[in-house]
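J.: Handing you a structure now.
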Amino acid sequence: MSIGNEWQQELIFPPAPEFTAQANAGDASIYATAADDYEAFWASWADRLEWFTPYNTVLEWNPPHAKWFLGGTLNVSYNCVDRHLSTHRRDKTAIVFEGEPGDTRSLTYAELSVEVNRFANVLKKLGINKGDRVTLYMPMTPEAAIAMLACTRVGAVHSVVFGGFSAESLRERSNDSGAKLIITADGYWRRGHIVPLKKTTDEAVAGCPTVENVIVLQRIGVDAGITMVEGRDHWWHDLVAGVSDECPAEPMDAEDPLFILYTSGSTGKPKGILHTTAGYLTGVTATTNYVFDIKDTDLYWCTADVGWITGHSYVVYGPLANGATVFMYEGSPDWGRTVGEGAGAAPGPNRARLWDIIERHKVTILYTAPTLIRSCMKWGEVYPQKHDISSLRLLGSVGEPINPEAWLWYHEFIGGKNCPIVDTWWQTETGAIMISPLPGITNTKPGSATKPFPGICAEIVDEQGNPVKDGQKGILVIRKPWPSMLRTLWGNDERYKQVYWSKFEGLYFPGDGAVRDDDGDFWLLGRVDDIMLVAGHNISTMEMESSLVEHAAVAEAAVIGKSHEIKGQAPVAFVIIREGYGPAAGDTEAADKLRAELKEFVAHKLGAICRPDDIILSAELPKTRSGKIMRRLLRDVAEGRVMGDTTTLADPAVVASLREKYSSDES
Ligand code: PRX
């Protein structure tokens with residue numbers, strides 16, 4: 001069902017009085033307080049951090065460049081770890097980990113401090129200083145958080161690359177940031193297989209002139225079958241052995257770079273989103289506190305990988321800055337411990353893995369993505385019903401619009417009809433949640449992210465940048481700066497200005513369509529640019545097209561995202577094959593082979609999440625008279641819809657033939 005047409009839903013879920021009575025965000029007056037003076041609102045959150053030197057100016061805004069909390073110095077690892085050590089949280093659990101095979105581990109804040117300090121000293125020993133860039137290519141184990149925090153401790157700028165990305169993506173990102181060091185692991189477990197991180201790193205590092213050292217965490221052991229390069233590669237456990245667990249936290253300027261995180265751009269090359277120290281930490285601290293209503297008694301589980309912004313802001317920095325207990329899981333949600341047979345049972349397929357984890361660990365807050373909710377919904381409620389998941393008290397969703405059916409299923413079968421659902425809209429660029437209900441305060445509606453977070457000024461405008469009336473679809477913009485906003489694109493300020501600030505003068509353009517209803521609630525309608533949201537991951541159609549044309553057989557390619565029941569969108573590639581490379585007419589075996597080869601080619605170049613679902617081998621692509629590929633028509637073809645307006649097409653017959661092709665080629 002199309003999400004765009006469902007925003008008129010009348011279903012409203014008011015907050016439960018018991019939840020309201022204990023809500024961190026207090027009451028609805030917080031919206032007015034923040035709107036009255038948004039700088040003062042954010043400053044009140046900055047004041048909850050520990051500063052080495054207090055800031056003297058809240059905001060300096062020279063559009064499109066913002067500086068927050070000027071003159072202040074602080075350290076992120078100090079705020080996420082050290083400051084809890086003098087409180088009751090010293091011996092509180094900071095991280096609970098479960099591996100895919102069923103192994104578990106936990107660290108208190110005091111233990112986390114030892115690990116972070118040791119590893120920070122290791123970084124220094126390897127010559128990593130303030131401002132140096134470090135690439136992380138890590139599994140979802142506590143060491144990912146430890147490495148990130150250690151970087152912040154010494155003032156190094158981390159760039160985490162998702163473990164599912166290819167060697168080429170890792171190389172491109174490491175080179176763009178000029179990383180001196182890569183931190184990785186021998187591998188990790190995913191659906192019973194080893195994901196060979198170190199082998200992929202070896203392939204990447206061969207083309208990374210700035211990388212001097214590689215640190216390898218031993219997650220798998222002998223089975224990983226890796227080789228260590230003398231002088232370049234070091235085992236994590238060897239490096240930390242005997243190293244002091246005291247490393248003073250580097251005082252960082254409020255605006256010093258904190259991390260770079262690459263995200264897909266609609267014109268191909270990934271964009272290095274740059275976040276800085278104080279503003280980012282303020283934004284994630286405030287949003288984690290209000291949106292997830294974090295309490296000392298909670299066990300909070302965000303299922304995102306640390307390779308994404310959600311993993312940065314809501315697995316590591318936001319929760320730890322709030323002194324929360326965070327749960328981390330290594331593997332796949334449909335794999336692992338066989339239900340009821342104890343931790344030693346042989347791992348295998350297990351669609352109840354999430355619910356088994358929630359029952360055993362007594363998880364209270366679950367934050368996940370619509371694509372996973374839709375998969376669970378398809379598998380059926382029998383799996384959650386096998387487990388006692390009544391410890392849950394709050395549910396969250398992020399990454400793409402959540403369709404009302406999935407929202408209602410989540411509400412009924414996971415939340416037992418009594419957990420507020422926070423549908424959170426935000427981006428890598430925004431650093432922190434921007435539009436979301438405040439649990440206990442905001443009425444929720446299935447499919448609506450509801451209200452801008454206090455202090456965030458979001459609006460909907462038309463193509464000219466004029467505000468539209470409520471009920472009219474338009475383009476989402478943010479009118480005022482906010483502390484956790486990206487500061488620029490690494491090494492490319494021009495592109496920063498062009499991508500986010502050139503569409504409308506003085507307004508931040510996130511690239512999403514939206515509509516606001518009569519209650520002032522926002523409904524997100526998906527991207528308005530060439531980015532697909534595949535299982536919640538941003539994938540650029542241009543990037544996929546460029547990688548396809550690198551294959552010798554491909555003359556031209558057009559990629560579109562077609563609606564997909566589970567993934568939201570799925571990439572479909574229409575490909576023109578060079579003369580001499582195409583399969584002979586009627587040779588379906590050769591055509592299947594070529595399609596499989598092209599899928600593999602893209603997956604190898606960009607990573608498995610970019611593997612096209614379908615490849616259509618075509619003689620031509622529908623183009624306007626000025627030569628632009630008409631993607632809208634390709635989408636119509638892929639989704640089997642009646643043809644749209646083809647009057648501007650150079651050759652309308654192309655579409656008819658493509659349509660025919662699609663029904664025979666779909667694989
Ligand atoms: O299109 C929006 C969609 O994801 C994009 C941002 O992707 P990324 O930078 O990878 O960050 C994802 C996690 C924050 C947005 O431009 N998106 C994210 N959350 C939602 C959403 N669309 C609708 N509703 C959401 N809750």
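Identifiers in the structure tokens: chain A, B, ... in order shown; residue index from 1 per chain; ligand index from 1 in order shown.
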Mind checking DSSP for stretch 145-236 of chain A and telling me the strand (DSSP E) residues as a short mmCIF file (atom, residue, chain, number, x, y, z; two decimals) with all heavy atoms, in the first residue's frame?
T.:
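Written output follows (part.cif):
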```cif
data_model
loop_
_atom_site.label_atom_id
_atom_site.label_comp_id
_atom_site.auth_asym_id
_atom_site.auth_seq_id
_atom_site.Cartn_x
_atom_site.Cartn_y
_atom_site.Cartn_z
N VAL A 157 39.28 11.93 15.13
CA VAL A 157 37.99 12.00 14.45
C VAL A 157 37.70 10.63 13.87
O VAL A 157 38.42 10.17 12.98
CB VAL A 157 38.07 13.05 13.31
CG1 VAL A 157 36.74 13.16 12.58
CG2 VAL A 157 38.53 14.39 13.85
N HIS A 158 36.67 9.95 14.39
CA HIS A 158 36.42 8.62 13.82
C HIS A 158 35.49 8.69 12.62
O HIS A 158 34.67 9.60 12.48
CB HIS A 158 35.94 7.61 14.86
CG HIS A 158 34.65 7.92 15.55
ND1 HIS A 158 33.44 7.94 14.90
CD2 HIS A 158 34.37 8.17 16.86
CE1 HIS A 158 32.48 8.21 15.77
NE2 HIS A 158 33.01 8.37 16.97
N SER A 159 35.67 7.69 11.76
CA SER A 159 34.79 7.53 10.61
C SER A 159 34.43 6.06 10.60
O SER A 159 35.26 5.21 10.26
CB SER A 159 35.55 7.94 9.34
OG SER A 159 34.96 7.35 8.21
N VAL A 160 33.21 5.74 11.02
CA VAL A 160 32.81 4.33 11.09
C VAL A 160 32.23 3.93 9.74
O VAL A 160 31.38 4.64 9.19
CB VAL A 160 31.77 4.08 12.20
CG1 VAL A 160 31.49 2.58 12.34
CG2 VAL A 160 32.23 4.65 13.54
N LEU A 181 44.72 5.22 10.51
CA LEU A 181 44.57 3.93 11.18
C LEU A 181 43.21 3.34 10.84
O LEU A 181 42.22 4.08 10.74
CB LEU A 181 44.65 4.18 12.70
CG LEU A 181 44.26 3.06 13.66
CD1 LEU A 181 45.30 1.93 13.63
CD2 LEU A 181 44.12 3.60 15.09
N ILE A 182 43.18 2.00 10.69
CA ILE A 182 41.88 1.32 10.56
C ILE A 182 41.76 0.35 11.73
O ILE A 182 42.71 -0.40 12.03
CB ILE A 182 41.74 0.56 9.22
CG1 ILE A 182 41.81 1.55 8.05
CG2 ILE A 182 40.43 -0.23 9.19
CD1 ILE A 182 41.52 0.94 6.69
N ILE A 183 40.62 0.38 12.40
CA ILE A 183 40.36 -0.58 13.47
C ILE A 183 39.29 -1.54 12.96
O ILE A 183 38.22 -1.11 12.51
CB ILE A 183 39.87 0.11 14.76
CG1 ILE A 183 40.86 1.23 15.15
CG2 ILE A 183 39.72 -0.90 15.89
CD1 ILE A 183 40.37 2.12 16.28
N THR A 184 39.60 -2.84 13.00
CA THR A 184 38.66 -3.82 12.47
C THR A 184 38.66 -5.06 13.37
O THR A 184 39.16 -5.02 14.49
CB THR A 184 39.01 -4.13 11.00
OG1 THR A 184 37.99 -4.96 10.44
CG2 THR A 184 40.35 -4.82 10.84
N ALA A 185 38.09 -6.15 12.88
CA ALA A 185 38.10 -7.42 13.62
C ALA A 185 38.41 -8.53 12.63
O ALA A 185 38.31 -8.32 11.42
CB ALA A 185 36.74 -7.65 14.26
N TYR A 188 32.96 -11.38 12.07
CA TYR A 188 31.85 -11.48 13.04
C TYR A 188 30.82 -12.45 12.49
O TYR A 188 30.87 -12.85 11.32
CB TYR A 188 31.25 -10.11 13.37
CG TYR A 188 30.52 -9.40 12.25
CD1 TYR A 188 29.14 -9.52 12.09
CD2 TYR A 188 31.21 -8.58 11.36
CE1 TYR A 188 28.46 -8.84 11.08
CE2 TYR A 188 30.54 -7.91 10.36
CZ TYR A 188 29.17 -8.05 10.22
OH TYR A 188 28.51 -7.38 9.21
N TRP A 189 29.92 -12.83 13.37
CA TRP A 189 28.92 -13.83 13.00
C TRP A 189 27.66 -13.19 12.46
O TRP A 189 27.13 -12.25 13.04
CB TRP A 189 28.54 -14.70 14.21
CG TRP A 189 29.68 -15.53 14.70
CD1 TRP A 189 30.44 -15.31 15.81
CD2 TRP A 189 30.19 -16.71 14.09
NE1 TRP A 189 31.40 -16.28 15.93
CE2 TRP A 189 31.28 -17.16 14.90
CE3 TRP A 189 29.87 -17.44 12.94
CZ2 TRP A 189 32.02 -18.30 14.59
CZ3 TRP A 189 30.61 -18.58 12.64
CH2 TRP A 189 31.67 -19.00 13.44
N ARG A 190 27.20 -13.73 11.33
CA ARG A 190 25.95 -13.25 10.73
C ARG A 190 25.29 -14.45 10.06
O ARG A 190 25.85 -15.03 9.15
CB ARG A 190 26.27 -12.15 9.72
CG ARG A 190 25.06 -11.60 9.00
CD ARG A 190 24.53 -10.35 9.69
NE ARG A 190 23.22 -10.04 9.15
CZ ARG A 190 22.32 -9.26 9.75
NH1 ARG A 190 22.60 -8.70 10.90
NH2 ARG A 190 21.15 -9.03 9.21
N HIS A 193 27.34 -17.52 9.50
CA HIS A 193 28.56 -17.40 8.68
C HIS A 193 29.48 -16.35 9.28
O HIS A 193 29.05 -15.46 9.99
CB HIS A 193 28.22 -16.97 7.25
CG HIS A 193 27.44 -17.99 6.53
ND1 HIS A 193 27.99 -19.17 6.07
CD2 HIS A 193 26.12 -18.03 6.20
CE1 HIS A 193 27.04 -19.90 5.49
NE2 HIS A 193 25.90 -19.23 5.56
N ILE A 194 30.76 -16.44 8.88
CA ILE A 194 31.72 -15.43 9.32
C ILE A 194 31.77 -14.32 8.27
O ILE A 194 31.99 -14.59 7.08
CB ILE A 194 33.12 -16.05 9.49
CG1 ILE A 194 33.08 -17.10 10.60
CG2 ILE A 194 34.17 -14.97 9.77
CD1 ILE A 194 34.31 -18.00 10.65
N VAL A 195 31.55 -13.09 8.70
CA VAL A 195 31.73 -11.95 7.78
C VAL A 195 33.21 -11.55 7.91
O VAL A 195 33.67 -11.16 8.98
CB VAL A 195 30.82 -10.76 8.14
CG1 VAL A 195 31.04 -9.61 7.16
CG2 VAL A 195 29.36 -11.19 8.15
N ASN A 213 48.60 1.88 10.15
CA ASN A 213 48.42 0.72 11.02
C ASN A 213 47.00 0.18 10.94
O ASN A 213 46.06 0.92 10.64
CB ASN A 213 48.69 1.12 12.48
CG ASN A 213 50.15 1.43 12.72
OD1 ASN A 213 51.00 0.54 12.71
ND2 ASN A 213 50.46 2.71 12.93
N VAL A 214 46.88 -1.12 11.26
CA VAL A 214 45.56 -1.75 11.34
C VAL A 214 45.48 -2.48 12.68
O VAL A 214 46.38 -3.27 13.01
CB VAL A 214 45.35 -2.75 10.17
CG1 VAL A 214 44.03 -3.49 10.32
CG2 VAL A 214 45.42 -2.03 8.82
N ILE A 215 44.46 -2.18 13.46
CA ILE A 215 44.26 -2.91 14.72
C ILE A 215 43.15 -3.93 14.50
O ILE A 215 42.10 -3.61 13.93
CB ILE A 215 43.87 -1.96 15.88
CG1 ILE A 215 44.96 -0.90 16.10
CG2 ILE A 215 43.61 -2.75 17.16
CD1 ILE A 215 44.69 0.07 17.24
N VAL A 216 43.43 -5.17 14.94
CA VAL A 216 42.48 -6.25 14.67
C VAL A 216 41.96 -6.84 15.98
O VAL A 216 42.72 -7.39 16.77
CB VAL A 216 43.14 -7.37 13.82
CG1 VAL A 216 42.10 -8.41 13.40
CG2 VAL A 216 43.85 -6.79 12.61
N LEU A 217 40.67 -6.74 16.16
CA LEU A 217 40.03 -7.34 17.33
C LEU A 217 39.80 -8.82 17.01
O LEU A 217 39.35 -9.17 15.92
CB LEU A 217 38.68 -6.66 17.58
CG LEU A 217 37.80 -7.31 18.63
CD1 LEU A 217 38.33 -6.98 20.03
CD2 LEU A 217 36.36 -6.84 18.49
N ASP A 233 49.86 -4.67 10.95
CA ASP A 233 48.69 -5.20 11.65
C ASP A 233 49.03 -5.56 13.09
O ASP A 233 50.07 -6.18 13.35
CB ASP A 233 48.17 -6.45 10.93
CG ASP A 233 47.72 -6.17 9.50
OD1 ASP A 233 47.62 -4.97 9.14
OD2 ASP A 233 47.47 -7.14 8.76
N HIS A 234 48.14 -5.23 14.00
CA HIS A 234 48.36 -5.51 15.42
C HIS A 234 47.09 -6.09 16.02
O HIS A 234 46.00 -5.56 15.76
CB HIS A 234 48.69 -4.21 16.19
CG HIS A 234 49.63 -3.30 15.45
ND1 HIS A 234 51.00 -3.35 15.61
CD2 HIS A 234 49.38 -2.33 14.53
CE1 HIS A 234 51.56 -2.42 14.83
NE2 HIS A 234 50.60 -1.80 14.16
N TRP A 235 47.23 -7.10 16.86
CA TRP A 235 46.05 -7.61 17.58
C TRP A 235 45.69 -6.63 18.68
O TRP A 235 46.54 -6.16 19.44
CB TRP A 235 46.35 -8.97 18.22
CG TRP A 235 46.39 -10.09 17.23
CD1 TRP A 235 47.48 -10.80 16.84
CD2 TRP A 235 45.26 -10.65 16.52
NE1 TRP A 235 47.13 -11.75 15.92
CE2 TRP A 235 45.77 -11.68 15.70
CE3 TRP A 235 43.90 -10.36 16.48
CZ2 TRP A 235 44.96 -12.44 14.87
CZ3 TRP A 235 43.07 -11.12 15.64
CH2 TRP A 235 43.60 -12.15 14.84
#
```
J.: Find the residues around A:Ser77 up to 10 Å (only C-alpha atoms counted), leave out those fewer than 5 positions away in its own chain, and share them as a list in words.
T.: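 My reading of the contact set: Asp82, Arg83, Ser113, Val116, Asn117, Ile146, Met148, Leu149, Ala150, Cys151, Thr152, Arg153, Val154, Gly155, Ala249, Glu250, Tyr317, Leu320 and Ala321 of chain A.
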J.: Pick the closest to ligand 1 from A:Ile365, A:Leu524, A:Ile615, A:Ala555: which is it, counting only C-alpha atoms and all ligand atoms?
T.: A:Leu524
J.: Can you tell me which residues come within 8 Å of ligand 1 when counting only C-alpha atoms and all ligand atoms, ideally as JSON, numbers by chain?
T.: {"A": [263, 308, 309, 310, 397, 398, 399, 400, 401, 402, 423, 424, 425, 426, 427, 428, 429, 431, 432, 433, 435, 436, 448, 449, 510, 511, 512, 523, 524, 525, 526, 527, 533, 536, 537, 538]}
J.: Next, dump the selected residues to file, keeping only N, CA, C and O atoms, as a CSV table (one decimal), in the first residue's frame.
T.:
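Everything below was put into result02.csv:
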```csv
chain,number,residue,atom,x,y,z
A,263,THR,N,27.5,9.2,4.0
A,263,THR,CA,26.1,8.8,3.6
A,263,THR,C,26.0,9.0,2.1
A,263,THR,O,26.7,9.8,1.5
A,308,TRP,N,25.9,3.0,11.2
A,308,TRP,CA,24.9,4.0,10.8
A,308,TRP,C,24.8,5.1,11.9
A,308,TRP,O,25.2,4.9,13.0
A,309,ILE,N,24.2,6.3,11.5
A,309,ILE,CA,24.1,7.3,12.5
A,309,ILE,C,23.3,6.9,13.7
A,309,ILE,O,23.5,7.3,14.8
A,310,THR,N,22.3,6.1,13.5
A,310,THR,CA,21.4,5.6,14.6
A,310,THR,C,22.3,4.9,15.6
A,310,THR,O,22.1,5.1,16.9
A,397,SER,N,10.7,3.6,16.3
A,397,SER,CA,10.9,3.2,14.9
A,397,SER,C,11.7,4.3,14.2
A,397,SER,O,11.6,5.5,14.5
A,398,VAL,N,12.6,3.9,13.3
A,398,VAL,CA,13.4,4.9,12.6
A,398,VAL,C,13.9,4.4,11.2
A,398,VAL,O,14.0,3.1,11.1
A,399,GLY,N,14.1,5.3,10.3
A,399,GLY,CA,14.8,4.9,9.1
A,399,GLY,C,14.0,5.1,7.8
A,399,GLY,O,14.6,5.3,6.7
A,400,GLU,N,12.7,5.0,7.9
A,400,GLU,CA,11.8,5.2,6.8
A,400,GLU,C,10.4,5.4,7.3
A,400,GLU,O,10.2,5.1,8.5
A,401,PRO,N,9.5,5.8,6.5
A,401,PRO,CA,8.1,6.0,7.0
A,401,PRO,C,7.6,4.6,7.4
A,401,PRO,O,7.9,3.6,6.8
A,402,ILE,N,6.9,4.5,8.5
A,402,ILE,CA,6.4,3.3,9.0
A,402,ILE,C,4.9,3.2,8.5
A,402,ILE,O,4.2,4.2,8.8
A,423,ASP,N,7.8,7.2,16.6
A,423,ASP,CA,8.2,7.2,15.2
A,423,ASP,C,9.1,8.4,15.0
A,423,ASP,O,8.6,9.5,14.9
A,424,THR,N,10.4,8.1,14.9
A,424,THR,CA,11.4,9.2,14.9
A,424,THR,C,11.9,9.6,13.5
A,424,THR,O,12.6,8.7,12.9
A,425,TRP,N,11.7,10.8,13.1
A,425,TRP,CA,12.3,11.2,11.8
A,425,TRP,C,13.5,12.0,12.0
A,425,TRP,O,13.5,13.0,12.8
A,426,TRP,N,14.6,11.6,11.3
A,426,TRP,CA,15.8,12.4,11.4
A,426,TRP,C,16.8,11.8,10.3
A,426,TRP,O,16.4,11.0,9.5
A,427,GLN,N,18.0,12.3,10.3
A,427,GLN,CA,19.0,11.9,9.3
A,427,GLN,C,20.4,11.9,9.8
A,427,GLN,O,20.7,12.5,10.9
A,428,THR,N,21.3,11.3,9.1
A,428,THR,CA,22.7,11.3,9.4
A,428,THR,C,23.1,12.8,9.6
A,428,THR,O,23.9,13.2,10.5
A,429,GLU,N,22.6,13.7,8.7
A,429,GLU,CA,23.0,15.1,8.8
A,429,GLU,C,22.4,15.8,10.0
A,429,GLU,O,23.1,16.7,10.5
A,431,GLY,N,22.0,14.6,12.9
A,431,GLY,CA,22.7,14.1,14.1
A,431,GLY,C,21.8,13.5,15.2
A,431,GLY,O,22.2,12.6,15.9
A,432,ALA,N,20.6,14.1,15.4
A,432,ALA,CA,19.7,13.7,16.4
A,432,ALA,C,18.3,13.7,15.9
A,432,ALA,O,18.0,14.3,14.9
A,433,ILE,N,17.4,13.1,16.7
A,433,ILE,CA,16.0,13.1,16.3
A,433,ILE,C,15.4,14.5,16.2
A,433,ILE,O,15.7,15.4,17.0
A,435,ILE,N,11.9,15.0,14.5
A,435,ILE,CA,10.4,14.9,14.6
A,435,ILE,C,10.1,13.6,15.2
A,435,ILE,O,10.5,12.6,14.7
A,436,SER,N,9.3,13.7,16.3
A,436,SER,CA,9.0,12.4,17.0
A,436,SER,C,8.0,12.8,18.1
A,436,SER,O,8.0,13.9,18.6
A,448,SER,N,2.5,8.6,11.5
A,448,SER,CA,2.9,10.0,11.6
A,448,SER,C,4.0,10.1,12.6
A,448,SER,O,3.9,9.5,13.7
A,449,ALA,N,5.1,10.9,12.3
A,449,ALA,CA,6.2,11.1,13.2
A,449,ALA,C,5.8,12.2,14.2
A,449,ALA,O,6.5,12.6,15.1
A,510,PRO,N,16.2,18.9,3.8
A,510,PRO,CA,16.6,17.5,4.1
A,510,PRO,C,16.4,16.5,2.9
A,510,PRO,O,16.9,15.4,2.9
A,511,GLY,N,15.5,16.9,1.9
A,511,GLY,CA,15.2,16.0,0.8
A,511,GLY,C,14.1,15.1,1.0
A,511,GLY,O,13.9,14.1,0.3
A,512,ASP,N,13.2,15.4,1.9
A,512,ASP,CA,12.0,14.6,2.2
A,512,ASP,C,10.7,15.4,1.9
A,512,ASP,O,10.6,16.5,2.2
A,523,TRP,N,3.6,14.1,8.6
A,523,TRP,CA,3.6,12.7,8.0
A,523,TRP,C,4.6,12.8,6.9
A,523,TRP,O,4.6,13.6,6.0
A,524,LEU,N,5.7,12.0,7.1
A,524,LEU,CA,6.8,12.0,6.1
A,524,LEU,C,6.4,11.1,4.9
A,524,LEU,O,5.8,10.0,5.1
A,525,LEU,N,6.7,11.6,3.7
A,525,LEU,CA,6.2,10.9,2.5
A,525,LEU,C,7.3,10.3,1.7
A,525,LEU,O,7.1,10.0,0.5
A,526,GLY,N,8.6,10.2,2.2
A,526,GLY,CA,9.7,9.6,1.4
A,526,GLY,C,10.5,10.7,0.8
A,526,GLY,O,10.2,11.9,0.9
A,527,ARG,N,11.6,10.2,0.1
A,527,ARG,CA,12.5,11.2,-0.5
A,527,ARG,C,12.0,11.9,-1.7
A,527,ARG,O,11.2,11.3,-2.5
A,533,LEU,N,15.4,4.4,-0.2
A,533,LEU,CA,15.5,3.9,1.2
A,533,LEU,C,15.2,2.4,1.2
A,533,LEU,O,14.1,1.9,1.2
A,536,GLY,N,15.6,0.8,4.9
A,536,GLY,CA,16.0,1.9,5.8
A,536,GLY,C,17.4,2.5,5.5
A,536,GLY,O,17.8,3.4,6.1
A,537,HIS,N,18.1,1.9,4.5
A,537,HIS,CA,19.4,2.4,4.2
A,537,HIS,C,19.4,3.3,3.0
A,537,HIS,O,18.7,3.0,2.0
A,538,ASN,N,20.1,4.4,3.1
A,538,ASN,CA,20.1,5.3,1.9
A,538,ASN,C,21.0,4.8,0.8
A,538,ASN,O,22.2,4.5,1.1
```
J.: Would you pick out the contacts of A:Arg659 at 8 Å or less, using only C-alpha atoms, so that residues sharing its chain but fewer than 5 positions from it are not included, and give the list as a list in words?
T.: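 In the requested form, the answer reads Val637, Ala638 and Gly640 of chain A.
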J.: Take the selection from the previous step and output its residues with C-alpha atoms, as a PDB file, in the first residue's frame.
T.:
```pdb
ATOM      1  CA  VAL A 637       7.032  -0.341 -15.355  1.00  0.00           C
ATOM      2  CA  ALA A 638       8.721  -2.008 -12.376  1.00  0.00           C
ATOM      3  CA  GLY A 640       3.387  -2.932 -12.961  1.00  0.00           C
TER       4      GLY A 640
END
```
J.: Just the alpha helix (DSSP H) stuff from stretch 347-449 of chain A, please, per backbone DSSP, written as a VMD selection string.
T.: chain A and resid 353 to 361 370 to 379 382 to 385 404 to 409
J.: Take the residues from that selection and put them in a file with C-alpha atoms, as a PDB file, in the first residue's frame.
T.:
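Wrote out.pdb, looks like this:
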```
ATOM      1  CA  ARG A 353      15.587 -14.458  18.398  1.00  0.00           C
ATOM      2  CA  LEU A 354      14.602 -10.860  19.173  1.00  0.00           C
ATOM      3  CA  TRP A 355      11.840 -11.920  21.542  1.00  0.00           C
ATOM      4  CA  ASP A 356      14.046 -14.548  23.169  1.00  0.00           C
ATOM      5  CA  ILE A 357      16.626 -11.809  23.854  1.00  0.00           C
ATOM      6  CA  ILE A 358      14.000  -9.431  25.235  1.00  0.00           C
ATOM      7  CA  GLU A 359      12.611 -12.102  27.553  1.00  0.00           C
ATOM      8  CA  ARG A 360      15.975 -13.295  28.898  1.00  0.00           C
ATOM      9  CA  HIS A 361      17.565  -9.870  29.351  1.00  0.00           C
ATOM     10  CA  PRO A 370      10.107  -0.558   9.950  1.00  0.00           C
ATOM     11  CA  THR A 371      11.732  -3.075   7.598  1.00  0.00           C
ATOM     12  CA  LEU A 372      12.443  -5.383  10.536  1.00  0.00           C
ATOM     13  CA  ILE A 373       8.957  -4.883  11.955  1.00  0.00           C
ATOM     14  CA  ARG A 374       7.491  -5.818   8.566  1.00  0.00           C
ATOM     15  CA  SER A 375       9.639  -8.973   8.407  1.00  0.00           C
ATOM     16  CA  CYS A 376       8.507  -9.993  11.885  1.00  0.00           C
ATOM     17  CA  MET A 377       4.932  -9.271  10.894  1.00  0.00           C
ATOM     18  CA  LYS A 378       5.291 -11.534   7.882  1.00  0.00           C
ATOM     19  CA  TRP A 379       6.790 -14.348   9.995  1.00  0.00           C
ATOM     20  CA  VAL A 382       3.428 -16.766  16.922  1.00  0.00           C
ATOM     21  CA  TYR A 383       7.113 -15.934  17.468  1.00  0.00           C
ATOM     22  CA  PRO A 384       6.712 -13.048  19.912  1.00  0.00           C
ATOM     23  CA  GLN A 385       3.854 -14.965  21.532  1.00  0.00           C
ATOM     24  CA  PRO A 404       0.139   2.082   9.627  1.00  0.00           C
ATOM     25  CA  GLU A 405      -0.305  -1.722   9.387  1.00  0.00           C
ATOM     26  CA  ALA A 406       3.221  -2.275  10.684  1.00  0.00           C
ATOM     27  CA  TRP A 407       2.727   0.395  13.385  1.00  0.00           C
ATOM     28  CA  LEU A 408      -0.485  -1.283  14.560  1.00  0.00           C
ATOM     29  CA  TRP A 409       1.126  -4.741  14.574  1.00  0.00           C
TER      30      TRP A 409
END
```
J.: In terms of the shortest atom-to-atom distance over only C-alpha atoms, which of A:Ser106, A:Asn56, A:Asn129, A:Ser266 is closest to A:Pro142?
T.: A:Ser106
J.: Nearest residue to A:Gly164 out of A:Glu550, A:Thr303, A:Ala40, A:His604, using only C-alpha atoms?
T.: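 Of all the options, A:His604 lies closest to A:Gly164.
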